[in-house]
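Pasting query.txt here (compact mmCIF, C-alpha atoms):
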# COMPACT_ATOMS: atom_id res chain seq x y z
CA MET A 3 0.55 5.61 -5.34
CA LYS A 4 -2.08 4.23 -2.97
CA LYS A 5 -3.83 0.87 -2.87
CA ILE A 6 -7.08 0.35 -1.00
CA ILE A 7 -9.58 -2.52 -0.81
CA VAL A 8 -13.32 -1.88 -1.19
CA ASP A 9 -15.19 -2.86 1.97
CA LYS A 10 -18.75 -4.21 2.15
CA LYS A 11 -20.49 -0.88 2.74
CA TYR A 12 -19.35 0.37 -0.70
CA ASP A 13 -20.35 -2.75 -2.65
CA GLY A 14 -22.16 -1.54 -5.79
CA LYS A 15 -21.38 2.13 -5.11
CA LYS A 16 -19.90 4.62 -7.57
CA LEU A 17 -16.12 4.87 -7.67
CA ASN A 18 -16.15 8.59 -6.87
CA ILE A 19 -18.27 8.06 -3.74
CA PHE A 20 -15.84 5.43 -2.46
CA LEU A 21 -12.75 7.54 -3.16
CA MET A 22 -14.15 10.79 -1.71
CA ASP A 23 -15.16 8.97 1.47
CA LYS A 24 -11.71 7.45 1.85
CA PHE A 25 -9.69 10.57 1.00
CA ASN A 26 -11.05 13.80 2.46
CA GLY A 27 -9.08 16.07 0.13
CA LEU A 28 -10.35 14.59 -3.11
CA THR A 29 -12.79 16.51 -5.30
CA LEU A 30 -14.77 15.42 -8.34
CA ASN A 31 -12.50 17.51 -10.58
CA ILE A 32 -9.39 15.72 -9.31
CA ILE A 33 -11.03 12.30 -9.74
CA TYR A 34 -12.23 13.01 -13.29
CA LYS A 35 -8.80 14.38 -14.25
CA ALA A 36 -7.16 11.20 -12.90
CA LEU A 37 -9.68 9.08 -14.83
CA ARG A 38 -8.90 10.92 -18.07
CA LYS A 39 -5.19 10.29 -17.49
CA LYS A 40 -5.95 6.65 -16.57
CA ASP A 41 -4.32 7.15 -13.17
CA ILE A 42 -6.91 4.97 -11.44
CA ARG A 43 -6.98 1.18 -11.67
CA ILE A 44 -9.49 -1.39 -10.46
CA ASN A 45 -7.95 -4.82 -9.94
CA ASN A 46 -4.94 -3.58 -11.94
CA ILE A 47 -7.13 -2.62 -14.92
CA LYS A 48 -7.03 1.04 -15.98
CA VAL A 49 -10.43 2.76 -15.97
CA ASN A 50 -11.44 6.05 -17.56
CA ASN A 51 -15.00 6.47 -16.29
CA ASN A 52 -16.80 6.76 -12.97
CA CYS A 53 -17.82 3.11 -12.77
CA PHE A 54 -19.20 1.02 -9.94
CA VAL A 55 -16.99 -0.82 -7.45
CA ASN A 56 -17.58 -4.15 -5.74
CA TYR A 57 -16.69 -5.60 -2.38
CA GLY A 58 -13.09 -6.86 -2.42
CA ASP A 59 -11.96 -4.80 -5.42
CA GLU A 60 -8.41 -3.43 -5.19
CA ILE A 61 -8.32 0.24 -6.15
CA THR A 62 -4.96 1.73 -7.12
CA ILE A 63 -4.65 5.48 -7.55
CA PHE A 64 -1.71 7.52 -8.78
CA ILE A 65 -2.63 10.86 -7.21
CA PRO A 66 -0.18 12.89 -5.05
CA ASP A 67 -0.92 13.00 -1.32
CA ASP A 68 -1.34 16.79 -1.49
CA PHE A 69 -4.57 16.20 -3.43
CA LEU A 70 -5.76 13.28 -1.31
CA TYR A 71 -5.84 14.81 2.15
CA LYS A 72 -6.89 18.11 3.63
CA LYS A 73 -4.16 19.85 5.57
CA ILE A 74 -5.01 19.50 9.25
CA SER A 75 -3.41 21.42 12.10
CA ILE A 76 -3.17 19.69 15.46
CA ASP A 77 -5.29 21.59 17.97
CA ILE A 78 -3.86 20.89 21.44
CA VAL A 79 -6.26 22.01 24.17
CA TYR A 80 -4.33 20.59 27.15
CA GLU A 81 -0.90 19.09 27.79
CA ASP A 82 1.18 18.01 30.77
CA GLU A 83 3.99 15.53 31.35
CA ASN A 84 1.66 12.52 30.98
CA ILE A 85 -1.15 13.34 28.55
CA ILE A 86 -2.15 15.48 25.59
CA VAL A 87 -5.78 16.33 24.81
CA ILE A 88 -6.41 17.11 21.15
CA ASN A 89 -9.51 18.49 19.48
CA LYS A 90 -10.07 16.10 16.56
CA PRO A 91 -11.71 17.64 13.49
CA ILE A 92 -14.30 15.94 11.29
CA GLY A 93 -13.01 13.94 8.35
CA ILE A 94 -10.04 12.12 9.84
CA GLU A 95 -9.82 8.74 11.55
CA THR A 96 -8.32 8.52 15.03
CA THR A 97 -6.45 5.33 14.14
CA SER A 98 -6.58 2.79 11.34
CA ASN A 99 -6.00 -0.95 11.08
CA ASN A 100 -4.55 -0.61 7.57
CA GLU A 101 -1.58 1.33 6.26
CA ASN A 102 -3.48 4.62 6.15
CA GLU A 103 -0.91 7.23 7.10
CA HIS A 104 -3.40 10.05 7.36
CA THR A 105 -4.82 9.47 10.83
CA LEU A 106 -4.80 11.68 13.89
CA ALA A 107 -2.51 9.20 15.67
CA LYS A 108 0.04 9.31 12.83
CA LEU A 109 -0.07 13.11 12.64
CA VAL A 110 0.57 13.37 16.39
CA LEU A 111 3.47 10.89 16.22
CA ASN A 112 5.01 12.84 13.34
CA LYS A 113 4.66 16.11 15.23
CA PHE A 114 6.48 14.70 18.24
CA SER A 115 8.96 12.72 16.11
CA SER A 116 8.20 9.48 17.92
CA ASN A 117 7.39 5.89 16.92
CA ASP A 118 5.31 4.87 19.95
CA PHE A 119 4.09 7.86 21.96
CA PRO A 120 1.91 9.85 22.31
CA ALA A 121 -0.68 7.08 21.81
CA PRO A 122 -4.48 7.51 21.71
CA CYS A 123 -6.41 6.13 24.70
CA HIS A 124 -9.76 5.95 22.90
CA ARG A 125 -11.31 6.66 19.50
CA LEU A 126 -13.80 8.94 17.84
CA ASP A 127 -15.43 8.08 14.52
CA ARG A 128 -14.09 9.69 11.39
CA ASN A 129 -17.07 12.01 11.01
CA THR A 130 -17.16 12.96 14.70
CA SER A 131 -15.24 15.90 16.11
CA GLY A 132 -14.24 16.17 19.74
CA LEU A 133 -11.55 15.70 22.37
CA VAL A 134 -9.20 12.72 22.16
CA VAL A 135 -6.83 11.88 25.02
CA PHE A 136 -3.28 10.77 24.13
CA ALA A 137 -0.87 9.20 26.62
CA LYS A 138 2.75 10.34 26.50
CA ASN A 139 4.20 7.22 28.15
CA LYS A 140 3.37 3.55 28.74
CA GLU A 141 2.37 3.98 32.39
CA SER A 142 -0.13 6.71 31.56
CA LEU A 143 -1.50 4.68 28.64
CA ASN A 144 -2.13 1.60 30.79
CA ILE A 145 -3.85 3.65 33.50
CA LEU A 146 -6.09 5.51 31.05
CA LEU A 147 -7.00 2.39 29.05
CA ASP A 148 -8.07 0.77 32.31
CA LYS A 149 -10.10 3.86 33.28
CA PHE A 150 -11.90 3.94 29.94
CA LYS A 151 -12.55 0.20 30.04
CA ASN A 152 -14.12 0.41 33.51
CA MET A 153 -16.20 3.50 32.58
CA GLU A 154 -14.38 5.57 35.21
CA ILE A 155 -14.00 8.43 32.74
CA GLU A 156 -17.23 10.17 31.77
CA LYS A 157 -17.59 10.91 28.06
CA HIS A 158 -20.22 13.26 26.68
CA TYR A 159 -21.33 13.48 23.07
CA LYS A 160 -23.22 16.43 21.59
CA CYS A 161 -25.37 15.67 18.56
CA THR A 162 -28.14 17.25 16.52
CA VAL A 163 -31.13 14.99 15.93
CA PHE A 164 -34.32 15.10 13.92
CA GLY A 165 -37.42 15.91 15.94
CA ILE A 166 -38.01 17.13 19.49
CA PRO A 167 -38.09 14.44 22.20
CA LYS A 168 -41.16 14.62 24.44
CA ILE A 169 -39.05 13.44 27.38
CA LYS A 170 -36.32 16.01 27.94
CA GLU A 171 -33.98 13.78 29.91
CA ALA A 172 -33.93 9.98 29.97
CA THR A 173 -31.86 6.82 30.22
CA LEU A 174 -32.61 4.35 27.42
CA VAL A 175 -32.22 0.60 27.80
CA SER A 176 -32.41 -1.66 24.75
CA TYR A 177 -30.63 -4.61 23.15
CA LEU A 178 -28.37 -4.50 20.09
CA PHE A 179 -27.38 -7.19 17.61
CA LYS A 180 -24.77 -6.61 14.91
CA ASP A 181 -25.14 -8.83 11.85
CA ARG A 182 -21.61 -8.76 10.45
CA LYS A 183 -22.53 -10.69 7.29
CA LYS A 184 -25.30 -8.27 6.25
CA SER A 185 -23.60 -5.24 7.86
CA PHE A 186 -26.86 -4.42 9.69
CA VAL A 187 -27.50 -3.42 13.29
CA TYR A 188 -30.75 -4.54 14.92
CA ILE A 189 -32.28 -2.95 18.03
CA SER A 190 -34.85 -4.56 20.33
CA ASP A 191 -36.56 -3.36 23.50
CA GLU A 192 -36.60 -6.96 24.72
CA SER A 193 -33.69 -9.28 25.46
CA LYS A 194 -33.03 -11.80 22.69
CA LYS A 195 -30.43 -14.46 21.99
CA GLY A 196 -27.25 -12.89 20.65
CA TYR A 197 -28.32 -9.34 21.53
CA GLN A 198 -26.19 -7.20 23.85
CA LYS A 199 -27.63 -4.79 26.39
CA ILE A 200 -27.09 -1.10 25.65
CA ILE A 201 -27.69 1.82 28.01
CA THR A 202 -27.68 5.39 26.70
CA SER A 203 -28.60 8.60 28.53
CA TYR A 204 -29.54 11.86 26.86
CA LYS A 205 -30.49 15.37 27.88
CA VAL A 206 -32.07 17.94 25.57
CA LEU A 207 -29.86 21.04 25.48
CA SER A 208 -31.86 23.11 22.98
CA VAL A 209 -34.59 22.79 20.36
CA ASN A 210 -35.29 24.41 17.01
CA LYS A 211 -39.02 24.25 16.33
CA ILE A 212 -38.66 25.82 12.88
CA ASN A 213 -36.28 23.10 11.66
CA ASN A 214 -37.78 20.43 13.94
CA THR A 215 -34.39 19.51 15.39
CA SER A 216 -32.85 19.19 18.84
CA ILE A 217 -29.34 19.26 20.26
CA LEU A 218 -28.72 16.48 22.79
CA ASP A 219 -26.02 15.80 25.37
CA VAL A 220 -25.53 12.02 25.23
CA THR A 221 -23.71 9.77 27.70
CA LEU A 222 -22.83 6.13 27.10
CA HIS A 223 -23.11 3.61 29.94
CA THR A 224 -22.15 0.74 27.62
CA GLY A 225 -19.88 0.88 24.61
CA ARG A 226 -21.30 -0.98 21.61
CA THR A 227 -20.66 -0.38 17.91
CA HIS A 228 -22.82 2.49 16.56
CA GLN A 229 -24.66 2.61 19.89
CA ILE A 230 -25.55 6.30 19.93
CA ARG A 231 -26.62 6.44 16.29
CA ALA A 232 -28.65 3.24 16.50
CA HIS A 233 -30.27 3.97 19.87
CA LEU A 234 -31.40 7.49 18.95
CA ALA A 235 -32.76 6.29 15.60
CA HIS A 236 -34.60 3.52 17.47
CA ILE A 237 -36.57 6.07 19.51
CA GLY A 238 -37.40 8.08 16.39
CA HIS A 239 -34.73 10.79 16.64
CA PRO A 240 -31.94 9.91 14.18
CA ILE A 241 -28.79 12.02 14.06
CA ILE A 242 -28.91 14.60 11.28
CA GLY A 243 -26.74 13.49 8.38
CA ASP A 244 -26.59 9.83 9.42
CA ARG A 245 -27.00 7.89 6.18
CA LYS A 246 -26.98 4.40 7.72
CA ILE A 247 -30.25 2.44 7.91
CA TRP A 248 -30.98 0.98 11.34
CA THR A 249 -33.26 -2.06 11.63
CA LYS A 250 -35.63 -2.84 14.48
Could you take the file, read its structure, and then write that structure out as structure tokens?
Amino acid sequence: MKKIIVDKKYDGKKLNIFLMDKFNGLTLNIIYKALRKKDIRINNIKVNNNCFVNYGDEITIFIPDDFLYKKISIDIVYEDENIIVINKPIGIETTSNNENEHTLAKLVLNKFSSNDFPAPCHRLDRNTSGLVVFAKNKESLNILLDKFKNMEIEKHYKCTVFGIPKIKEATLVSYLFKDRKKSFVYISDESKKGYQKIITSYKVLSVNKINNTSILDVTLHTGRTHQIRAHLAHIGHPIIGDRKIWTK
């Protein structure tokens, strides 16, 4: 049995959309079967149809974990006495603030039969794949956290965007404001009250003229929420598959 609270981004969305986003192993067939058996509750009320959910709703599901999560193998690309570097796949969170047991951090801890280490030194979004560095002891963790905080470790992101940038290599400077109440991110080319400066560099690695897409190597010089997605959309080259609406 799992309980999960609906967050703002799913307010007014279909139940199946919410559940499939939260549990990467779920399929429509599994959800509809659970609905027929009344194994899904909203605010402790049994439901038997794919209804809408609202912000703050408590969803309770009686579906075995084997059907909720995809089986993920831990891909270790480097390890020594202080760190482990793991290739995180798409569809799993690095860490979670709730009781979600299916995170990369939890899987790594279970593999090494430990309660504290290895511990992640940074995060990647759920739908982003790439290398995540884990510290195997407290000293290594403190050093690496300090290095990441002071931008002493260079991180590169590869992404596919719509369109072909006229400038093949550039450093972008803009200002970002996150409206937490509306769950919107605003971007401005001019400094405004409440806006934070963002600096993002990109380099075009390849282009596909037939599909009108480009692959970019992106480097962050500041670390703001949704910075890469918002900044690239701001210059007219949104990341392919990004469903979020960015506001200028």
### Query
So which one's closest to A:Leu178, A:Ile237, A:Leu126, A:Ala232, A:Ala36? Using all atoms listed in the file, please.
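When distances to A:Leu178 are compared using all atoms listed in the file, the smallest one comes from A:Ala232.
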### Message
If I take atom CA of A:Lys199 and atom CA of A:Arg231, how far is one from the other in Å, to one decimal?
### Response
15.1 Å
### Gap from atom CA of A:Asn52 to atom CA of A:Leu17 - Å, one decimal
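Pair atom CA of A:Asn52 / atom CA of A:Leu17 returns 5.7 Å.
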### Query
Can you tell me how far atom CA of A:Ser131 sits from atom CA of A:His228, in Å to one decimal?
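Taking atom CA of A:Ser131 as the start and atom CA of A:His228 as the end point, the length is 15.4 Å.
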### Task
Choose the residue, out of A:Ile92, A:Val175, A:Leu21, A:Ile166, that has the smallest atom-to-atom separation from A:Cys53; count only C-alpha atoms.
A:Leu21
